[in-house]
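Here's model04.cif, which has mmCIF, C-alpha atoms and all ligand atoms:
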```
data_my_file
#
loop_
_atom_site.label_atom_id
_atom_site.label_comp_id
_atom_site.auth_asym_id
_atom_site.auth_seq_id
_atom_site.Cartn_x
_atom_site.Cartn_y
_atom_site.Cartn_z
CA MET A 41 23.49 117.03 128.28
CA PRO A 42 23.64 120.00 125.87
CA THR A 43 24.00 119.19 122.17
CA VAL A 44 27.48 119.49 120.63
CA ALA A 45 26.25 122.63 118.81
CA ALA A 46 25.08 124.32 122.03
CA LYS A 47 28.18 123.33 123.94
CA SER A 48 30.40 124.48 121.13
CA GLN A 49 28.77 127.96 121.13
CA LEU A 50 29.62 128.31 124.82
CA VAL A 51 33.15 127.02 124.35
CA LYS A 52 33.72 129.49 121.47
CA LYS A 53 32.85 132.37 123.84
CA GLU A 54 35.29 131.00 126.40
CA ILE A 55 37.96 130.75 123.68
CA ASP A 56 37.28 134.40 122.71
CA HIS A 57 37.79 135.35 126.33
CA LEU A 58 41.10 133.48 126.45
CA ALA A 59 42.22 135.24 123.27
CA SER A 60 41.37 138.66 124.69
CA THR A 61 43.35 138.08 127.89
CA ALA A 62 46.32 135.96 126.72
CA LEU A 63 49.57 137.92 126.71
CA THR A 64 51.45 135.51 124.45
CA ALA A 65 50.61 132.92 121.80
CA GLU A 66 52.06 130.27 124.13
CA GLU A 67 49.62 131.28 126.86
CA LEU A 68 46.73 131.22 124.38
CA MET A 69 47.67 127.78 123.07
CA GLN A 70 47.95 126.42 126.62
CA GLY A 71 44.57 127.89 127.54
CA MET A 72 42.96 126.46 124.40
CA VAL A 73 44.24 122.90 124.81
CA ARG A 74 43.20 122.87 128.46
CA LYS A 75 39.78 124.33 127.69
CA LEU A 76 39.03 121.94 124.81
CA ASN A 77 40.12 118.91 126.83
CA GLU A 78 38.07 119.96 129.90
CA ARG A 79 34.91 121.04 128.14
CA MET A 80 34.65 118.59 125.21
CA LEU A 81 34.52 115.20 126.87
CA LYS A 82 35.64 113.14 123.88
CA TYR A 83 38.70 115.31 123.17
CA ASN A 84 41.13 113.09 125.07
CA TRP A 85 44.45 114.37 123.68
CA VAL A 86 44.62 117.98 122.50
CA GLY A 87 47.80 119.61 121.28
CA PHE A 88 49.47 122.01 118.89
CA TYR A 89 52.26 121.25 116.46
CA LEU A 90 54.25 124.22 115.19
CA LEU A 91 55.98 124.28 111.83
CA GLU A 92 59.74 124.69 112.15
CA ASN A 93 61.59 125.95 109.10
CA SER A 94 65.31 125.84 109.82
CA PRO A 95 67.68 126.74 106.98
CA GLY A 96 69.16 123.64 105.37
CA GLN A 97 66.77 121.32 107.22
CA PRO A 98 63.53 119.73 106.02
CA PRO A 99 60.47 121.49 107.51
CA MET A 100 59.24 119.76 110.66
CA LEU A 101 56.13 119.82 112.82
CA VAL A 102 57.30 120.25 116.41
CA LEU A 103 55.12 119.43 119.42
CA GLY A 104 53.89 122.54 121.24
CA PRO A 105 51.49 122.91 124.19
CA PHE A 106 49.36 119.80 124.74
CA VAL A 107 47.15 118.02 127.26
CA GLY A 108 47.09 114.23 127.54
CA ALA A 109 49.62 111.44 127.60
CA MET A 110 53.11 112.14 126.29
CA THR A 111 53.37 111.22 122.61
CA PRO A 112 56.39 109.57 120.93
CA HIS A 113 55.78 111.94 117.98
CA THR A 114 57.44 115.15 119.11
CA ARG A 115 58.80 115.95 115.62
CA ILE A 116 56.85 114.94 112.51
CA PRO A 117 58.19 115.44 108.96
CA LEU A 118 55.63 116.84 106.52
CA ASN A 119 55.44 113.58 104.55
CA GLN A 120 54.33 111.57 107.60
CA GLY A 121 51.15 111.06 109.57
CA ILE A 122 47.73 112.66 109.55
CA CYS A 123 49.57 115.70 110.89
CA GLY A 124 51.86 115.87 107.87
CA ALA A 125 48.87 115.45 105.53
CA ALA A 126 46.97 118.36 107.10
CA ALA A 127 50.00 120.68 107.07
CA THR A 128 50.89 119.81 103.46
CA SER A 129 47.39 120.16 102.06
CA GLY A 130 46.41 123.16 104.23
CA LYS A 131 43.11 121.37 104.83
CA THR A 132 41.39 119.90 107.87
CA VAL A 133 41.75 116.12 108.06
CA VAL A 134 39.14 114.11 109.98
CA VAL A 135 39.79 110.39 110.46
CA HIS A 136 36.84 108.48 111.88
CA ASP A 137 38.79 105.24 112.37
CA VAL A 138 42.52 105.76 112.78
CA ASN A 139 43.27 102.04 112.54
CA SER A 140 42.05 101.90 108.98
CA ASP A 141 44.11 104.91 107.83
CA PRO A 142 47.61 103.91 106.67
CA ARG A 143 48.90 107.46 107.29
CA TYR A 144 48.16 107.29 111.00
CA LEU A 145 51.10 107.57 113.44
CA ALA A 146 49.97 106.01 116.73
CA CYS A 147 50.23 108.06 119.89
CA SER A 148 48.14 105.87 122.20
CA ILE A 149 46.49 102.49 121.63
CA GLU A 150 43.30 104.02 123.03
CA THR A 151 42.96 106.52 120.18
CA LYS A 152 40.13 105.69 117.78
CA SER A 153 39.54 108.91 115.83
CA GLU A 154 41.43 112.13 115.13
CA ILE A 155 41.05 115.63 113.70
CA VAL A 156 43.90 117.87 112.56
CA VAL A 157 43.28 121.51 111.59
CA PRO A 158 45.97 123.75 110.09
CA VAL A 159 46.70 127.18 111.59
CA PHE A 160 47.40 129.95 109.09
CA VAL A 161 49.24 133.25 109.41
CA ARG A 162 48.85 135.52 106.39
CA GLY A 163 47.77 132.58 104.23
CA LYS A 164 50.64 130.27 105.21
CA VAL A 165 50.46 127.18 107.41
CA VAL A 166 52.41 127.83 110.63
CA GLY A 167 51.17 124.89 112.66
CA GLU A 168 48.12 122.85 113.49
CA LEU A 169 45.72 121.83 116.21
CA ASP A 170 45.55 118.05 116.65
CA ILE A 171 42.88 116.25 118.69
CA ASP A 172 42.62 112.52 119.40
CA SER A 173 39.62 110.73 120.84
CA HIS A 174 39.18 107.38 122.54
CA PHE A 175 35.83 107.17 120.71
CA PRO A 176 35.36 106.21 117.05
CA SER A 177 33.90 108.96 114.82
CA ALA A 178 34.10 111.52 117.64
CA PHE A 179 34.46 114.50 115.27
CA GLY A 180 31.29 115.55 113.46
CA PRO A 181 30.68 118.76 111.49
CA GLU A 182 30.07 120.83 114.65
CA ASP A 183 33.30 119.61 116.18
CA GLN A 184 35.13 120.44 112.98
CA GLU A 185 33.62 123.92 113.06
CA LEU A 186 34.72 124.44 116.68
CA VAL A 187 38.27 123.21 116.13
CA GLU A 188 38.61 125.33 112.96
CA TYR A 189 37.33 128.31 114.95
CA CYS A 190 40.09 127.76 117.55
CA ALA A 191 42.73 127.48 114.83
CA ARG A 192 41.49 130.77 113.29
CA VAL A 193 41.55 132.55 116.65
CA LEU A 194 45.17 131.47 117.18
CA GLY A 195 46.10 132.46 113.61
CA LYS A 196 44.64 135.95 114.12
CA HIS A 197 46.42 136.30 117.44
CA LEU A 198 49.73 135.34 115.81
CA GLU A 199 49.10 137.76 112.94
CA LYS A 200 48.63 140.60 115.42
CA PHE A 201 51.68 139.86 117.51
CA ARG A 202 54.17 138.24 115.12
CA GLN A 203 56.25 140.45 112.83
N1 LIG B 301 48.39 110.75 115.09
C1 LIG B 301 49.21 111.80 114.58
C2 LIG B 301 50.50 111.93 115.34
C3 LIG B 301 50.40 112.82 116.53
S1 LIG B 301 49.80 112.06 117.90
O1 LIG B 301 48.40 111.69 117.63
C4 LIG B 301 49.76 113.09 119.18
C5 LIG B 301 49.47 111.57 113.09
O2 LIG B 301 49.09 110.54 112.54
O3 LIG B 301 50.06 112.44 112.46
#
```
Could I get this structure in the form of structure tokens?
Amino acid sequence: MPTVAAKSQLVKKEIDHLASTALTAEELMQGMVRKLNERMLKYNWVGFYLLENSPGQPPMLVLGPFVGAMTPHTRIPLNQGICGAAATSGKTVVVHDVNSDPRYLACSIETKSEIVVPVFVRGKVVGELDIDSHFPSAFGPEDQELVEYCARVLGKHLEKFRQ
């Protein structure tokens, strides 16, 4: 078995390839969630949430492309969940044991750990990449680096194609 670092180098190249061929952000997000779920064996649920800012409504994280079981959390207000915490702070949140984090909104009883990484466009949070694992402490520094890399690639893609 390759180390997480070696595997993550390969996966980053595959992500670069997806980014160079994807015609839309939707296609890139779908490719990324599929790739991360297939290649990183502990990434059991992988999905994007996109920040919706409708006039007169509180901002909301809305479920985008994902792989894994359907989640009850299709719309998350910014003051709820690990997802809300990452979007509000603009910082990656890694939770090694979701059951001991009072912010955690459960998606599956099998989930043990979670990472949420914000996606930025021109310095503003526009969404986030959320990954759940059935294994406790599944997300070490190399995983964090890989997931942040993916979020940056999507952010750059959106910057290029979004007005
Ligand atoms: N666990 C997340 C909610 C999203 S589901 O995991 C897919 C949270 O606490 O914000």
Original post:
What residues have an atom no more than 12 Å from (24.3, 119.3, 119.8) in the file's own frame, counting all atoms listed in the file, and can you write them as a ChimeraX atom specification?
Top reply: /A:41-50,80,180-183
Once you count only C-alpha atoms and all ligand atoms, what closest atom pair and distance in Å to one decimal does each residue of chain A within 10 Å of ligand LIG 301 (chain B) have, with rows by chain and rising residue number, as a tab-separated table?
```
residue	atom	partner	partner_atom	distance
A:Trp85	CA	B:LIG301	C4	7.1
A:Val86	CA	B:LIG301	C4	7.8
A:Gly87	CA	B:LIG301	C4	7.1
A:Phe88	CA	B:LIG301	C4	8.9
A:Tyr89	CA	B:LIG301	C3	8.6
A:Leu101	CA	B:LIG301	O3	9.6
A:Leu103	CA	B:LIG301	C4	8.3
A:Phe106	CA	B:LIG301	C4	8.7
A:Val107	CA	B:LIG301	C4	9.8
A:Gly108	CA	B:LIG301	C4	8.8
A:Ala109	CA	B:LIG301	C4	8.6
A:Met110	CA	B:LIG301	C4	7.9
A:Thr111	CA	B:LIG301	C4	5.3
A:Pro112	CA	B:LIG301	S1	7.7
A:His113	CA	B:LIG301	C3	5.6
A:Thr114	CA	B:LIG301	C3	7.9
A:Arg115	CA	B:LIG301	C3	9.0
A:Ile116	CA	B:LIG301	O3	7.2
A:Pro117	CA	B:LIG301	O3	9.3
A:Leu118	CA	B:LIG301	O3	9.3
A:Asn119	CA	B:LIG301	O3	9.6
A:Gln120	CA	B:LIG301	O3	6.5
A:Gly121	CA	B:LIG301	O3	3.4
A:Ile122	CA	B:LIG301	O3	3.7
A:Cys123	CA	B:LIG301	O3	3.7
A:Gly124	CA	B:LIG301	O3	6.0
A:Ala125	CA	B:LIG301	O3	7.6
A:Ala126	CA	B:LIG301	O3	8.6
A:Ala127	CA	B:LIG301	O3	9.8
A:Val135	CA	B:LIG301	O2	9.5
A:Val138	CA	B:LIG301	N1	8.0
A:Asp141	CA	B:LIG301	O2	8.9
A:Pro142	CA	B:LIG301	O2	9.0
A:Arg143	CA	B:LIG301	O2	6.1
A:Tyr144	CA	B:LIG301	O2	3.7
A:Leu145	CA	B:LIG301	O2	3.7
A:Ala146	CA	B:LIG301	N1	5.3
A:Cys147	CA	B:LIG301	S1	4.5
A:Ser148	CA	B:LIG301	O1	7.4
A:Thr151	CA	B:LIG301	O1	7.9
A:Ser153	CA	B:LIG301	N1	9.1
A:Glu154	CA	B:LIG301	N1	7.1
A:Ile155	CA	B:LIG301	N1	8.9
A:Val156	CA	B:LIG301	O3	8.2
A:Asp170	CA	B:LIG301	C4	7.0
A:Ile171	CA	B:LIG301	O1	7.2
A:Asp172	CA	B:LIG301	O1	6.1
A:Ser173	CA	B:LIG301	O1	9.4
```
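Between CA of Ser60 in chain A and CA of Gly163 in chain A the separation is 22.3 Å.
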Original post:
By how many Å are CA of Phe179 in chain A and CA of Lys53 in chain A apart?
Top reply: 19.9 Å
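Among A:Glu168, A:Met100, A:Phe201, A:Cys190, the residue with the shortest atom-to-atom distance to Lys52 in chain A, counting all atoms listed in the file, is A:Cys190.
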For Leu58 in chain A: contacts at 12 Å, only C-alpha atoms, fewer than 3 positions along chain excluded, given as an mmCIF file with C-alpha atoms, keeping the file's coordinate frame:
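Written file, out_25.cif:
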```
data_model
loop_
_atom_site.group_PDB
_atom_site.id
_atom_site.type_symbol
_atom_site.label_atom_id
_atom_site.label_comp_id
_atom_site.auth_asym_id
_atom_site.auth_seq_id
_atom_site.Cartn_x
_atom_site.Cartn_y
_atom_site.Cartn_z
ATOM 1 C CA VAL A 51 33.150 127.020 124.350
ATOM 2 C CA LYS A 52 33.720 129.490 121.470
ATOM 3 C CA LYS A 53 32.850 132.370 123.840
ATOM 4 C CA GLU A 54 35.290 131.000 126.400
ATOM 5 C CA ILE A 55 37.960 130.750 123.680
ATOM 6 C CA THR A 61 43.350 138.080 127.890
ATOM 7 C CA ALA A 62 46.320 135.960 126.720
ATOM 8 C CA LEU A 63 49.570 137.920 126.710
ATOM 9 C CA THR A 64 51.450 135.510 124.450
ATOM 10 C CA ALA A 65 50.610 132.920 121.800
ATOM 11 C CA GLU A 66 52.060 130.270 124.130
ATOM 12 C CA GLU A 67 49.620 131.280 126.860
ATOM 13 C CA LEU A 68 46.730 131.220 124.380
ATOM 14 C CA MET A 69 47.670 127.780 123.070
ATOM 15 C CA GLN A 70 47.950 126.420 126.620
ATOM 16 C CA GLY A 71 44.570 127.890 127.540
ATOM 17 C CA MET A 72 42.960 126.460 124.400
ATOM 18 C CA VAL A 73 44.240 122.900 124.810
ATOM 19 C CA ARG A 74 43.200 122.870 128.460
ATOM 20 C CA LYS A 75 39.780 124.330 127.690
ATOM 21 C CA LEU A 76 39.030 121.940 124.810
ATOM 22 C CA CYS A 190 40.090 127.760 117.550
ATOM 23 C CA VAL A 193 41.550 132.550 116.650
ATOM 24 C CA LEU A 194 45.170 131.470 117.180
ATOM 25 C CA HIS A 197 46.420 136.300 117.440
#
```
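The interatomic distance for the pair CA of Val133 in chain A and CA of Pro158 in chain A works out to 9.0 Å.
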Padding of 5 Å on every side, edges along x, y and z, all listed atoms of range 185-189 of chain A included: what centre and edge lengths in Å, to one decimal, does that box have, as lines of an AutoDock Vina configuration file?
```
center_x = 36.1
center_y = 125.8
center_z = 114.8
size_x = 15.0
size_y = 15.1
size_z = 13.7
```
**OP:** Quick one: everything within 6 Å of Val159 in chain A, counting only C-alpha atoms, minus sequence neighbours fewer than 4 positions away in the same chain. Send it as a VMD selection string.
**Re:** chain A and resid 165 to 168 191 195
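In terms of minimum interatomic distance to Ala178 in chain A, A:Asn84 ranks closest within A:Thr128, A:Asn139, A:Asn84, A:Gln97, counting only C-alpha atoms.
In terms of minimum interatomic distance to Phe160 in chain A, A:Thr132 ranks closest within A:Gln184, A:Ser94, A:Thr132, A:Ser140, counting only C-alpha atoms.
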